[in-house]
>>> print(open('coords-v4.tsv').read())   # TSV, C-alpha atoms and all ligand atoms
chain	number	residue	atom	x	y	z
A	1199	MET	CA	3.22	-17.34	-6.78
A	1200	LYS	CA	1.29	-14.10	-6.72
A	1201	HIS	CA	-0.19	-12.81	-3.45
A	1202	LEU	CA	-2.05	-9.52	-3.15
A	1203	ILE	CA	-0.67	-7.89	-0.01
A	1204	ASP	CA	-0.05	-4.36	-1.28
A	1205	PRO	CA	-1.59	-2.65	-4.34
A	1206	MET	CA	1.91	-2.32	-5.83
A	1207	ASP	CA	2.16	-6.11	-5.99
A	1208	LEU	CA	0.14	-5.79	-9.19
A	1209	SER	CA	1.80	-4.36	-12.30
A	1210	LYS	CA	-0.25	-2.01	-14.47
A	1211	GLU	CA	-0.82	-4.88	-16.91
A	1212	GLU	CA	-2.07	-7.15	-14.12
A	1213	LEU	CA	-4.35	-4.40	-12.81
A	1214	ASP	CA	-5.75	-3.93	-16.32
A	1215	GLN	CA	-6.29	-7.68	-16.71
A	1216	ILE	CA	-8.26	-7.87	-13.44
A	1217	ILE	CA	-10.42	-4.87	-14.29
A	1218	THR	CA	-11.06	-6.12	-17.83
A	1219	LEU	CA	-12.02	-9.55	-16.49
A	1220	ALA	CA	-14.38	-7.94	-13.93
A	1221	GLU	CA	-16.06	-6.03	-16.77
A	1222	ASP	CA	-16.43	-9.25	-18.75
A	1223	ILE	CA	-17.91	-11.01	-15.71
A	1224	ILE	CA	-20.46	-8.19	-15.44
A	1225	ALA	CA	-21.32	-8.53	-19.13
A	1226	ARG	CA	-21.44	-12.34	-19.28
A	1227	ARG	CA	-22.13	-13.52	-15.74
A	1228	GLU	CA	-23.49	-16.96	-16.60
A	1229	GLU	CA	-20.26	-17.87	-18.41
A	1230	TYR	CA	-18.37	-17.80	-15.11
A	1231	GLN	CA	-20.89	-19.61	-12.90
A	1232	GLU	CA	-18.98	-22.88	-12.62
A	1233	SER	CA	-15.52	-21.58	-13.48
A	1234	GLN	CA	-14.05	-22.26	-9.99
A	1235	ALA	CA	-16.10	-25.35	-9.15
A	1236	HIS	CA	-14.38	-27.48	-6.47
A	1237	ARG	CA	-11.95	-24.70	-5.61
A	1238	LYS	CA	-11.95	-23.41	-2.04
A	1239	LEU	CA	-11.48	-19.93	-0.61
A	1240	ALA	CA	-10.64	-19.61	3.11
A	1241	THR	CA	-11.70	-16.34	4.74
A	1242	LEU	CA	-9.67	-15.70	7.89
A	1243	PHE	CA	-11.11	-12.59	9.51
A	1244	TYR	CA	-9.39	-11.55	12.75
A	1245	GLU	CA	-11.15	-8.16	12.71
A	1246	PRO	CA	-14.88	-7.39	12.34
A	1247	SER	CA	-16.17	-7.09	8.80
A	1248	THR	CA	-19.50	-7.46	7.11
A	1249	ARG	CA	-19.22	-6.27	3.59
A	1250	THR	CA	-15.69	-7.34	2.74
A	1251	ARG	CA	-16.14	-10.88	4.07
A	1252	LEU	CA	-19.56	-11.31	2.49
A	1253	SER	CA	-18.25	-9.83	-0.73
A	1254	PHE	CA	-15.47	-12.45	-0.87
A	1255	THR	CA	-17.92	-15.19	0.06
A	1256	SER	CA	-20.48	-14.25	-2.54
A	1257	ALA	CA	-17.72	-13.77	-5.15
A	1258	MET	CA	-16.45	-17.32	-4.64
A	1259	MET	CA	-19.99	-18.72	-4.56
A	1260	GLU	CA	-20.84	-16.97	-7.84
A	1261	LEU	CA	-17.82	-18.66	-9.40
A	1262	GLY	CA	-19.17	-22.04	-8.28
A	1263	GLY	CA	-16.49	-22.49	-5.59
A	1264	ASN	CA	-16.72	-23.16	-1.86
A	1265	VAL	CA	-15.84	-21.06	1.16
A	1266	LEU	CA	-14.55	-22.01	4.61
A	1267	GLY	CA	-12.97	-20.04	7.45
A	1268	PHE	CA	-13.80	-17.95	10.49
A	1269	SER	CA	-15.21	-14.50	11.09
A	1270	ASP	CA	-14.17	-14.30	14.70
A	1271	ALA	CA	-10.65	-15.26	15.73
A	1272	LYS	CA	-11.89	-16.13	19.22
A	1273	SER	CA	-13.57	-19.21	17.77
A	1274	SER	CA	-10.32	-20.46	16.16
A	1275	SER	CA	-6.98	-21.77	17.46
A	1276	VAL	CA	-5.81	-18.17	17.60
A	1277	SER	CA	-7.45	-18.11	21.03
A	1278	LYS	CA	-4.96	-20.87	22.00
A	1279	GLY	CA	-2.10	-18.61	20.98
A	1280	GLU	CA	-1.44	-19.84	17.45
A	1281	THR	CA	0.60	-17.47	15.25
A	1282	VAL	CA	-0.65	-16.23	11.87
A	1283	GLN	CA	2.15	-18.13	10.15
A	1284	ASP	CA	1.10	-21.41	11.75
A	1285	THR	CA	-2.57	-20.78	11.01
A	1286	VAL	CA	-1.75	-20.11	7.36
A	1287	ARG	CA	0.53	-23.16	7.10
A	1288	VAL	CA	-2.42	-25.25	8.28
A	1289	VAL	CA	-5.16	-23.53	6.27
A	1290	SER	CA	-3.12	-23.64	3.07
A	1291	CYS	CA	-3.45	-27.46	3.24
A	1292	PHE	CA	-7.25	-27.04	3.04
A	1293	ALA	CA	-7.86	-24.09	0.71
A	1294	ASP	CA	-6.68	-22.94	-2.75
A	1295	VAL	CA	-6.63	-19.25	-1.85
A	1296	ILE	CA	-6.88	-17.31	1.44
A	1297	ALA	CA	-8.43	-13.89	2.13
A	1298	MET	CA	-7.26	-12.53	5.47
A	1299	ARG	CA	-8.20	-9.44	7.48
A	1300	HIS	CA	-6.13	-8.60	10.55
A	1301	HIS	CA	-5.94	-5.69	12.99
A	1302	ILE	CA	-2.14	-6.10	13.13
A	1303	GLU	CA	-0.24	-4.30	10.35
A	1304	GLY	CA	1.92	-6.51	8.17
A	1305	ALA	CA	0.22	-9.73	9.37
A	1306	GLN	CA	-0.64	-10.84	5.83
A	1307	LEU	CA	2.84	-10.10	4.47
A	1308	TYR	CA	4.34	-12.18	7.27
A	1309	ALA	CA	1.79	-14.97	6.67
A	1310	SER	CA	2.51	-14.97	2.92
A	1311	GLU	CA	6.15	-15.87	3.61
A	1312	VAL	CA	5.08	-19.42	4.53
A	1313	SER	CA	1.85	-19.89	2.55
A	1314	ARG	CA	1.48	-22.59	-0.11
A	1315	VAL	CA	-1.47	-20.74	-1.66
A	1316	PRO	CA	-2.10	-17.11	-2.66
A	1317	ILE	CA	-2.90	-14.76	0.22
A	1318	ILE	CA	-5.21	-11.79	-0.33
A	1319	ASN	CA	-4.92	-8.93	2.13
A	1320	ALA	CA	-8.49	-7.97	3.07
A	1321	GLY	CA	-7.24	-5.13	5.30
A	1322	ASP	CA	-4.37	-4.90	7.81
A	1323	GLY	CA	-4.83	-2.34	10.59
A	1324	SER	CA	-4.60	1.21	9.26
A	1325	HIS	CA	-2.10	0.13	6.64
A	1326	SER	CA	-3.53	-1.32	3.39
A	1327	HIS	CA	-6.70	-2.61	1.80
A	1328	PRO	CA	-5.87	-3.55	-1.79
A	1329	THR	CA	-9.13	-5.28	-2.71
A	1330	GLN	CA	-11.08	-2.16	-1.78
A	1331	THR	CA	-8.70	-0.40	-4.16
A	1332	LEU	CA	-9.63	-2.75	-7.00
A	1333	THR	CA	-13.27	-2.04	-6.19
A	1334	ASP	CA	-12.62	1.71	-6.27
A	1335	LEU	CA	-10.73	1.56	-9.59
A	1336	LEU	CA	-13.46	-0.48	-11.25
A	1337	THR	CA	-16.07	1.95	-9.92
A	1338	ILE	CA	-14.21	5.01	-11.22
A	1339	LYS	CA	-13.78	3.34	-14.61
A	1340	ARG	CA	-17.48	2.44	-14.81
A	1341	GLU	CA	-18.73	5.80	-13.55
A	1342	LEU	CA	-16.45	8.07	-15.59
A	1343	GLY	CA	-15.26	5.82	-18.41
A	1344	HIS	CA	-11.55	6.34	-17.57
A	1345	ILE	CA	-9.09	6.54	-14.69
A	1346	ASP	CA	-6.20	8.43	-16.33
A	1347	GLY	CA	-6.39	12.19	-15.95
A	1348	ILE	CA	-8.77	12.40	-12.99
A	1349	THR	CA	-8.72	14.85	-10.11
A	1350	ILE	CA	-9.74	12.99	-6.96
A	1351	GLY	CA	-10.49	14.49	-3.55
A	1352	PHE	CA	-9.97	12.34	-0.46
A	1353	CYS	CA	-11.98	13.60	2.47
A	1354	GLY	CA	-12.13	12.63	6.16
A	1355	ASP	CA	-9.79	10.26	7.96
A	1356	LEU	CA	-6.73	10.14	5.74
A	1357	LYS	CA	-4.50	9.06	8.63
A	1358	PHE	CA	-6.13	5.80	9.67
A	1359	GLY	CA	-8.14	5.16	6.48
A	1360	ARG	CA	-6.33	2.23	4.89
A	1361	THR	CA	-8.52	2.38	1.77
A	1362	VAL	CA	-7.14	5.85	1.05
A	1363	HIS	CA	-3.51	4.74	1.42
A	1364	SER	CA	-3.98	1.84	-0.97
A	1365	LEU	CA	-5.94	3.75	-3.57
A	1366	ILE	CA	-3.37	6.56	-3.76
A	1367	LYS	CA	-0.63	3.96	-4.25
A	1368	ALA	CA	-2.53	2.26	-7.06
A	1369	LEU	CA	-3.31	5.59	-8.74
A	1370	SER	CA	0.44	6.03	-9.24
A	1371	ARG	CA	0.05	3.38	-11.98
A	1372	TYR	CA	-2.18	5.79	-13.96
A	1373	LYS	CA	-1.38	8.94	-15.94
A	1374	ASP	CA	-1.87	12.52	-14.92
A	1375	ILE	CA	-3.59	12.03	-11.56
A	1376	GLN	CA	-4.23	15.01	-9.29
A	1377	VAL	CA	-4.97	14.28	-5.63
A	1378	VAL	CA	-6.64	16.76	-3.27
A	1379	LEU	CA	-6.44	16.00	0.45
A	1380	ILE	CA	-9.25	17.34	2.65
A	1381	ALA	CA	-8.72	16.48	6.33
A	1382	PRO	CA	-8.38	18.06	9.75
A	1383	ASP	CA	-4.80	18.41	11.04
A	1384	GLU	CA	-5.18	15.39	13.31
A	1385	LEU	CA	-6.18	13.13	10.42
A	1386	LYS	CA	-3.75	14.11	7.69
A	1387	LEU	CA	-2.28	11.59	5.24
A	1388	PRO	CA	0.78	9.80	6.69
A	1389	ASP	CA	4.14	11.09	5.50
A	1390	TYR	CA	5.15	7.76	4.01
A	1391	ILE	CA	2.34	8.04	1.45
A	1392	LYS	CA	3.19	11.66	0.64
A	1393	GLN	CA	6.93	11.07	0.36
A	1394	ASP	CA	7.29	7.49	-0.84
A	1395	VAL	CA	4.26	7.40	-3.09
A	1396	CYS	CA	3.19	10.87	-4.21
A	1397	ASP	CA	6.62	12.53	-4.36
A	1398	ARG	CA	8.56	9.53	-5.67
A	1399	LEU	CA	6.00	8.25	-8.14
A	1400	GLY	CA	4.91	11.61	-9.44
A	1401	ILE	CA	1.36	12.10	-8.13
A	1402	ARG	CA	0.55	15.79	-7.79
A	1403	TYR	CA	-1.25	16.56	-4.54
A	1404	LYS	CA	-2.44	19.55	-2.57
A	1405	GLU	CA	-3.94	19.90	0.89
A	1406	VAL	CA	-6.97	22.14	1.44
A	1407	ALA	CA	-8.98	23.13	4.49
A	1408	THR	CA	-12.55	23.01	3.15
A	1409	MET	CA	-14.57	20.90	0.75
A	1410	GLU	CA	-16.22	23.94	-0.79
A	1411	GLU	CA	-13.04	25.40	-2.24
A	1412	VAL	CA	-12.27	22.30	-4.36
A	1413	MET	CA	-15.67	20.80	-5.08
A	1414	PRO	CA	-15.95	22.27	-8.63
A	1415	GLU	CA	-12.56	20.76	-9.64
A	1416	LEU	CA	-13.22	17.15	-8.64
A	1417	ASP	CA	-14.03	14.21	-10.90
A	1418	VAL	CA	-14.20	11.88	-7.90
A	1419	LEU	CA	-14.91	12.66	-4.25
A	1420	TYR	CA	-13.76	9.80	-2.00
A	1421	MET	CA	-15.44	10.18	1.39
A	1422	THR	CA	-14.28	8.20	4.44
A	1423	ARG	CA	-15.46	7.44	7.96
A	1424	VAL	CA	-13.42	8.65	10.94
A	1425	GLN	CA	-11.97	5.33	12.17
A	1426	GLN	CA	-13.04	5.42	15.81
A	1427	GLU	CA	-11.57	1.99	16.58
A	1428	ARG	CA	-8.02	3.13	15.69
A	1429	PHE	CA	-7.94	6.12	18.08
A	1430	LEU	CA	-5.99	5.71	21.30
A	1431	ASP	CA	-7.59	8.83	22.76
A	1432	GLN	CA	-11.41	9.24	22.92
A	1433	ASP	CA	-11.21	13.06	23.34
A	1434	GLU	CA	-9.25	13.35	20.13
A	1435	PHE	CA	-11.89	11.27	18.34
A	1436	ASP	CA	-14.69	13.50	19.71
A	1437	ARG	CA	-12.86	16.60	18.46
A	1438	VAL	CA	-12.62	15.40	14.86
A	1439	LYS	CA	-15.55	13.06	14.37
A	1440	ASP	CA	-17.84	15.55	12.66
A	1441	SER	CA	-15.17	17.35	10.65
A	1442	PHE	CA	-16.48	16.97	7.11
A	1443	VAL	CA	-20.02	16.20	6.09
A	1444	LEU	CA	-21.26	15.89	2.52
A	1445	ASP	CA	-24.76	17.27	2.00
A	1446	ALA	CA	-26.95	18.35	-0.92
A	1447	ALA	CA	-25.75	21.97	-0.68
A	1448	ARG	CA	-22.12	20.93	-1.13
A	1449	MET	CA	-23.09	18.55	-3.95
A	1450	SER	CA	-24.61	21.51	-5.78
A	1451	LEU	CA	-21.06	22.94	-6.17
A	1452	ALA	CA	-19.76	19.82	-7.92
A	1453	LYS	CA	-19.42	18.87	-11.59
A	1454	GLU	CA	-22.40	17.27	-13.23
A	1455	LYS	CA	-20.44	14.05	-13.76
A	1456	MET	CA	-18.54	13.83	-10.47
A	1457	ALA	CA	-18.71	10.42	-8.73
A	1458	VAL	CA	-18.99	10.14	-4.95
A	1459	LEU	CA	-17.29	7.01	-3.59
A	1460	HIS	CA	-17.19	5.69	-0.02
A	1461	PRO	CA	-15.83	2.27	1.06
A	1462	LEU	CA	-18.65	2.04	3.64
A	1463	PRO	CA	-19.79	1.71	6.37
A	1464	ARG	CA	-20.83	5.34	6.57
A	1465	VAL	CA	-21.58	6.99	9.88
A	1466	ASN	CA	-22.61	10.62	9.39
A	1467	GLU	CA	-20.13	11.89	6.83
A	1468	ILE	CA	-22.59	11.63	3.93
A	1469	LEU	CA	-26.15	12.74	4.69
A	1470	THR	CA	-28.80	10.35	3.40
A	1471	GLU	CA	-30.21	13.24	1.31
A	1472	VAL	CA	-27.24	12.67	-1.04
A	1473	ASP	CA	-28.18	9.03	-1.73
A	1474	ALA	CA	-30.73	9.88	-4.41
A	1475	ASP	CA	-28.24	12.04	-6.34
A	1476	PRO	CA	-27.18	10.12	-9.49
A	1477	ARG	CA	-23.56	10.98	-8.68
A	1478	ALA	CA	-23.72	8.98	-5.42
A	1479	ALA	CA	-21.89	5.83	-6.55
A	1480	TYR	CA	-21.24	4.17	-3.17
A	1481	PHE	CA	-23.92	1.49	-3.38
A	1482	ARG	CA	-22.96	0.64	-6.96
A	1483	GLN	CA	-19.39	0.46	-5.64
A	1484	VAL	CA	-20.40	-2.37	-3.27
A	1485	GLU	CA	-21.59	-4.51	-6.15
A	1486	ASN	CA	-18.46	-3.73	-8.14
A	1487	GLY	CA	-16.53	-5.11	-5.16
A	1488	LYS	CA	-18.04	-8.53	-5.67
A	1489	PHE	CA	-17.27	-8.56	-9.41
A	1490	VAL	CA	-13.70	-7.42	-8.96
A	1491	ARG	CA	-13.10	-10.05	-6.24
A	1492	MET	CA	-14.44	-12.68	-8.64
A	1493	ALA	CA	-11.90	-11.48	-11.16
A	1494	LEU	CA	-9.09	-11.34	-8.60
A	1495	ILE	CA	-9.69	-14.87	-7.29
A	1496	THR	CA	-9.81	-16.16	-10.87
A	1497	LYS	CA	-6.58	-14.43	-11.84
A	1498	LEU	CA	-4.63	-15.42	-8.71
A	1499	LEU	CA	-5.58	-19.06	-9.23
A	1500	GLU	CA	-4.64	-18.81	-12.91
A	1501	TRP	CA	-1.29	-17.15	-12.10
A	1502	LYS	CA	-0.45	-19.46	-9.19
A	1503	ASP	CA	2.02	-21.65	-11.07
A	1504	ASP	CA	2.98	-19.14	-13.74
A	1505	PRO	CA	6.52	-17.78	-13.21
A	1506	ALA	CA	5.58	-14.70	-15.28
A	1507	HIS	CA	3.27	-13.61	-12.42
A	1508	GLY	CA	5.37	-13.81	-9.27
A	1509	MET	CA	5.74	-11.15	-6.59
A	1510	PRO	CA	7.63	-8.01	-7.67
A	1511	ALA	CA	11.36	-8.15	-7.00
A	1512	THR	CA	12.23	-6.51	-3.70
A	1513	GLU	CA	15.49	-5.10	-2.49
A	1514	GLN	CA	17.42	-7.01	0.18
A	1515	PRO	CA	16.04	-6.22	3.63
A	1516	VAL	CA	18.23	-4.22	6.00
A	1517	LEU	CA	18.88	-6.27	9.13
A	1518	ASP	CA	20.39	-4.43	12.06
A	1519	PRO	CA	19.88	-5.75	15.58
A	1520	THR	CA	20.16	-2.24	17.04
A	1521	LEU	CA	17.07	-1.01	15.12
A	1522	ARG	CA	13.45	-1.66	16.11
A	1523	CYS	CA	10.08	-0.89	14.59
A	1524	THR	CA	8.25	1.17	17.20
A	1525	ASN	CA	4.72	0.73	15.83
A	1526	ALA	CA	2.88	-1.17	18.57
A	1527	LYS	CA	0.38	-2.40	15.96
A	1528	CYS	CA	3.05	-3.93	13.70
A	1529	ILE	CA	3.44	-7.70	13.36
A	1530	CYS	CA	7.09	-7.44	14.52
A	1531	ASN	CA	5.88	-6.27	17.90
A	1532	ASN	CA	3.08	-8.82	18.20
A	1533	GLU	CA	4.50	-12.07	16.86
A	1534	HIS	CA	7.98	-13.37	16.21
A	1535	ALA	CA	8.36	-11.53	12.90
A	1536	PRO	CA	11.92	-10.25	12.50
A	1537	HIS	CA	12.58	-6.53	12.75
A	1538	LYS	CA	13.68	-5.93	9.17
A	1539	PHE	CA	13.64	-2.79	7.09
A	1540	ARG	CA	13.79	-1.33	3.60
A	1541	ARG	CA	15.73	1.79	2.65
A	1542	ASN	CA	14.33	4.05	-0.08
A	1543	ASP	CA	16.41	6.10	-2.53
A	1544	ALA	CA	16.26	9.09	-0.19
A	1545	GLY	CA	17.98	6.96	2.49
A	1546	VAL	CA	14.87	6.72	4.69
A	1547	LEU	CA	14.48	3.40	6.52
A	1548	ARG	CA	11.00	1.94	6.88
A	1549	CYS	CA	9.68	-1.19	8.53
A	1550	TRP	CA	9.43	-4.09	6.06
A	1551	TYR	CA	5.98	-5.01	7.30
A	1552	CYS	CA	4.14	-1.80	8.27
A	1553	ASP	CA	6.11	1.00	6.49
A	1554	SER	CA	6.66	2.98	9.71
A	1555	LYS	CA	9.63	5.31	9.58
A	1556	ILE	CA	12.55	3.98	11.65
A	1557	LYS	CA	14.54	6.43	13.76
A	1558	GLN	CA	18.30	5.84	13.39
B	1601	LIG	C1	-13.32	-0.06	5.01
B	1601	LIG	C2	-12.30	-0.81	5.85
B	1601	LIG	O1	-12.61	-1.87	6.41
B	1601	LIG	O2	-11.19	-0.31	5.90
B	1601	LIG	N1	-14.49	-0.79	4.77
B	1601	LIG	C3	-14.53	-1.78	3.84
B	1601	LIG	O3	-13.63	-2.57	3.67
B	1601	LIG	N2	-15.61	-1.80	3.06
B	1601	LIG	C4	-13.58	1.30	5.50
B	1601	LIG	C5	-14.03	1.50	6.92
B	1601	LIG	O4	-14.11	0.59	7.72
B	1601	LIG	O5	-14.32	2.66	7.22
>>> encode(input="coords-v4.tsv", output="structure tokens", more="lines below")
Ligand code: NCD
Amino acid sequence: MKHLIDPMDLSKEELDQIITLAEDIIARREEYQESQAHRKLATLFYEPSTRTRLSFTSAMMELGGNVLGFSDAKSSSVSKGETVQDTVRVVSCFADVIAMRHHIEGAQLYASEVSRVPIINAGDGSHSHPTQTLTDLLTIKRELGHIDGITIGFCGDLKFGRTVHSLIKALSRYKDIQVVLIAPDELKLPDYIKQDVCDRLGIRYKEVATMEEVMPELDVLYMTRVQQERFLDQDEFDRVKDSFVLDAARMSLAKEKMAVLHPLPRVNEILTEVDADPRAAYFRQVENGKFVRMALITKLLEWKDDPAHGMPATEQPVLDPTLRCTNAKCICNNEHAPHKFRRNDAGVLRCWYCDSKIKQ
């Protein structure tokens, strides 16, 4: 069975199939109206969300299916202390596919180990957000006509911004990608993405201090919000919150065909004066999110019993009772998930669930 927990769960062929189907849904919407009639999507949202949850809901409704679930864990059995694995065991008796958002990193991977139906990760802590990635890829393809060969600038909170982590991973499936990282020191991209994704999978990247110096090179500018809710220290948040702001003057330095993306919600990092610029693609991106989720739900249900579309083979986990994941926001430190690890070719050990580096 195929779950979507991490963007790398999808091969390049599977990614292409989802994007092609999304484009066909856009072109021939009425053809798909009843295609998932009587199928049910459960949305289990343990963390606040408006657009992602509504996007999943409207996607399933447009396919003629039904939606059940909760948008506030306090109103579910979670408030009685139920674990994510038990919740998913129960909900997979009621639904054909589950979309889950959780503030704990690795929660969906852990849940998928016991699920009878496909699990879609709708965001886990600061870790991953693969359906936003599908949205971003479809948007780039529609705005520019291609994904191969682009230079993409990521600006803002590259440390806690899970959409950035997932999109960079997925871009490793494309040819000749150049990534430019624009962030204050406190919000730089985590090492595991630089080392395990960019270095190992051959994405060229550079880090710069200002937007101005790279603006003319970019095909895509991916703006992000500083993730206030993930900061442990309010003073640190106050220091960095206004670091990079996109305005009309900076837009005037960019290519005529550059596309500005943002996963939304925006706070103050893109001034509203940019909204009328034809290169501002972020509201079109929202609608693409619905179409690509329609395609994803369709494909996961189609692939459910097809052995050709299982999860990618993984190496055997390293189990060593003397080692612990020290990430307080990881599922191993919040539920009874085992402390298990994966070792990459460079010998670095990382947590199986949240990718944190493990000190040996
Ligand atoms: C993003 C998220 O939840 O990570 N939003 C979204 O899914 N549309 C980005 C954010 O919250 O800043």
>>> closest_atom_pairs(input="coords-v4.tsv", of="range 1337-1406 of chain A", to="range 1552-1558 of chain A", cutoff="10 Å", atoms="all atoms listed in the file", output="tab-separated table")
residue	atom	partner	partner_atom	distance
A:Pro1388	CA	A:Ser1554	CA	9.5
A:Asp1389	CA	A:Lys1555	CA	9.0
A:Tyr1390	CA	A:Asp1553	CA	7.3
A:Ile1391	CA	A:Asp1553	CA	9.4
A:Asp1394	CA	A:Asp1553	CA	9.9
>>> closest_residue(input="coords-v4.tsv", among="A:Arg1371, A:Arg1360, A:Lys1278, A:Lys1404", to="ligand LIG 1601 (chain B)", atoms="only C-alpha atoms and all ligand atoms")
A:Arg1360
>>> closest_residue(input="coords-v4.tsv", among="A:Asp1397, A:Asp1445, A:Asp1440, A:Glu1384", to="Ala1478 in chain A", atoms="only C-alpha atoms")
A:Asp1445
>>> closest_residue(input="coords-v4.tsv", among="A:Val1472, A:Leu1332, A:Glu1303, A:Phe1539", to="Glu1212 in chain A", atoms="all atoms listed in the file")
A:Leu1332
>>> closest_atom_pairs(input="coords-v4.tsv", of="chain A", to="ligand LIG 1601 (chain B)", cutoff="7 Å", atoms="only C-alpha atoms and all ligand atoms", output="JSON lines")
{"residue": "A:Ser1247", "atom": "CA", "partner": "B:LIG1601", "partner_atom": "O1", "distance": 6.8}
{"residue": "A:Arg1249", "atom": "CA", "partner": "B:LIG1601", "partner_atom": "N2", "distance": 5.8}
{"residue": "A:Thr1250", "atom": "CA", "partner": "B:LIG1601", "partner_atom": "O3", "distance": 5.3}
{"residue": "A:Gly1321", "atom": "CA", "partner": "B:LIG1601", "partner_atom": "O2", "distance": 6.3}
{"residue": "A:His1327", "atom": "CA", "partner": "B:LIG1601", "partner_atom": "O2", "distance": 6.5}
{"residue": "A:Gln1330", "atom": "CA", "partner": "B:LIG1601", "partner_atom": "O3", "distance": 6.0}
{"residue": "A:Gly1359", "atom": "CA", "partner": "B:LIG1601", "partner_atom": "O2", "distance": 6.3}
{"residue": "A:Arg1360", "atom": "CA", "partner": "B:LIG1601", "partner_atom": "O2", "distance": 5.6}
{"residue": "A:Thr1361", "atom": "CA", "partner": "B:LIG1601", "partner_atom": "O2", "distance": 5.6}
{"residue": "A:Thr1422", "atom": "CA", "partner": "B:LIG1601", "partner_atom": "O5", "distance": 6.2}
{"residue": "A:Arg1423", "atom": "CA", "partner": "B:LIG1601", "partner_atom": "O5", "distance": 5.0}
{"residue": "A:Gln1425", "atom": "CA", "partner": "B:LIG1601", "partner_atom": "O5", "distance": 6.1}
{"residue": "A:Pro1461", "atom": "CA", "partner": "B:LIG1601", "partner_atom": "N2", "distance": 4.5}
{"residue": "A:Leu1462", "atom": "CA", "partner": "B:LIG1601", "partner_atom": "N2", "distance": 4.9}
{"residue": "A:Pro1463", "atom": "CA", "partner": "B:LIG1601", "partner_atom": "O5", "distance": 5.6}
>>> atom_distance(input="coords-v4.tsv", atom1="CA of His1507 in chain A", atom2="CA of Leu1494 in chain A")
13.1 Å
>>> closest_residue(input="coords-v4.tsv", among="A:Pro1316, A:Phe1352, A:Asn1532, A:Asp1207", to="Asp1503 in chain A", atoms="all atoms listed in the file")
A:Pro1316
>>> atom_distance(input="coords-v4.tsv", atom1="CA of Arg1227 in chain A", atom2="CA of Met1492 in chain A")
10.5 Å
>>> atom_distance(input="coords-v4.tsv", atom1="CA of Asn1319 in chain A", atom2="CA of Ala1297 in chain A")
6.1 Å
>>> residues_around(input="coords-v4.tsv", residues="range 1345-1347 of chain A", least_positions_apart="5", cutoff="7 Å", atoms="only C-alpha atoms", output="ChimeraX atom specification")
/A:1338-1339,1372-1375
>>> residues_around(input="coords-v4.tsv", residues="Lys1502 in chain A", least_positions_apart="2", cutoff="9 Å", atoms="only C-alpha atoms", output="mmCIF file with C-alpha atoms, in the frame of the given file")
data_model
loop_
_atom_site.group_PDB
_atom_site.id
_atom_site.type_symbol
_atom_site.label_atom_id
_atom_site.label_comp_id
_atom_site.auth_asym_id
_atom_site.auth_seq_id
_atom_site.Cartn_x
_atom_site.Cartn_y
_atom_site.Cartn_z
ATOM 1 C CA MET A 1199 3.220 -17.340 -6.780
ATOM 2 C CA LYS A 1200 1.290 -14.100 -6.720
ATOM 3 C CA HIS A 1201 -0.190 -12.810 -3.450
ATOM 4 C CA VAL A 1315 -1.470 -20.740 -1.660
ATOM 5 C CA PRO A 1316 -2.100 -17.110 -2.660
ATOM 6 C CA LYS A 1497 -6.580 -14.430 -11.840
ATOM 7 C CA LEU A 1498 -4.630 -15.420 -8.710
ATOM 8 C CA LEU A 1499 -5.580 -19.060 -9.230
ATOM 9 C CA GLU A 1500 -4.640 -18.810 -12.910
ATOM 10 C CA ASP A 1504 2.980 -19.140 -13.740
ATOM 11 C CA PRO A 1505 6.520 -17.780 -13.210
ATOM 12 C CA HIS A 1507 3.270 -13.610 -12.420
ATOM 13 C CA GLY A 1508 5.370 -13.810 -9.270
#
>>> residues_around(input="coords-v4.tsv", residues="range 1279-1281 of chain A", least_positions_apart="4", cutoff="10 Å", atoms="only C-alpha atoms", output="list in words")
Ser1274, Ser1275, Thr1285, Val1286, Arg1287, Ala1305, Ala1309, Asn1532, Glu1533 and His1534 of chain A
>>> residues_around(input="coords-v4.tsv", residues="His1537 in chain A", least_positions_apart="2", cutoff="12 Å", atoms="all atoms listed in the file", output="VMD selection string")
chain A and resid 1304 1308 1515 to 1525 1528 to 1535 1539 to 1540 1547 to 1554 1556
>>> closest_residue(input="coords-v4.tsv", among="A:Ala1493, A:Leu1459, A:Val1443, A:Val1289", to="Leu1365 in chain A", atoms="all atoms listed in the file")
A:Leu1459
>>> residues_around(input="coords-v4.tsv", residues="range 1418-1420 of chain A", least_positions_apart="3", cutoff="9 Å", atoms="all atoms listed in the file", output="MDAnalysis selection string")
chainID A and resid 1338 1342 1348:1354 1362 1413 1455:1461
>>> closest_residue(input="coords-v4.tsv", among="A:Pro1476, A:Leu1451, A:Glu1411, A:Gln1393", to="Gly1545 in chain A", atoms="all atoms listed in the file")
A:Gln1393
>>> decode(input="coords-v4.tsv", residues="range 1455-1467 of chain A", atoms="C-alpha atoms", output="PDB file, in the first residue's frame")
ATOM      1  CA  LYS A1455       8.528  35.562 -15.997  1.00  0.00           C
ATOM      2  CA  MET A1456       9.525  34.842 -12.396  1.00  0.00           C
ATOM      3  CA  ALA A1457       6.793  33.228 -10.257  1.00  0.00           C
ATOM      4  CA  VAL A1458       6.310  34.180  -6.605  1.00  0.00           C
ATOM      5  CA  LEU A1459       5.021  31.277  -4.496  1.00  0.00           C
ATOM      6  CA  HIS A1460       4.000  31.231  -0.829  1.00  0.00           C
ATOM      7  CA  PRO A1461       2.270  28.332   0.978  1.00  0.00           C
ATOM      8  CA  LEU A1462       0.202  30.884   2.948  1.00  0.00           C
ATOM      9  CA  PRO A1463      -0.858  32.171   5.410  1.00  0.00           C
ATOM     10  CA  ARG A1464       1.217  35.294   4.875  1.00  0.00           C
ATOM     11  CA  VAL A1465       1.901  37.703   7.704  1.00  0.00           C
ATOM     12  CA  ASN A1466       3.990  40.646   6.500  1.00  0.00           C
ATOM     13  CA  GLU A1467       6.635  39.012   4.327  1.00  0.00           C
TER      14      GLU A1467
END
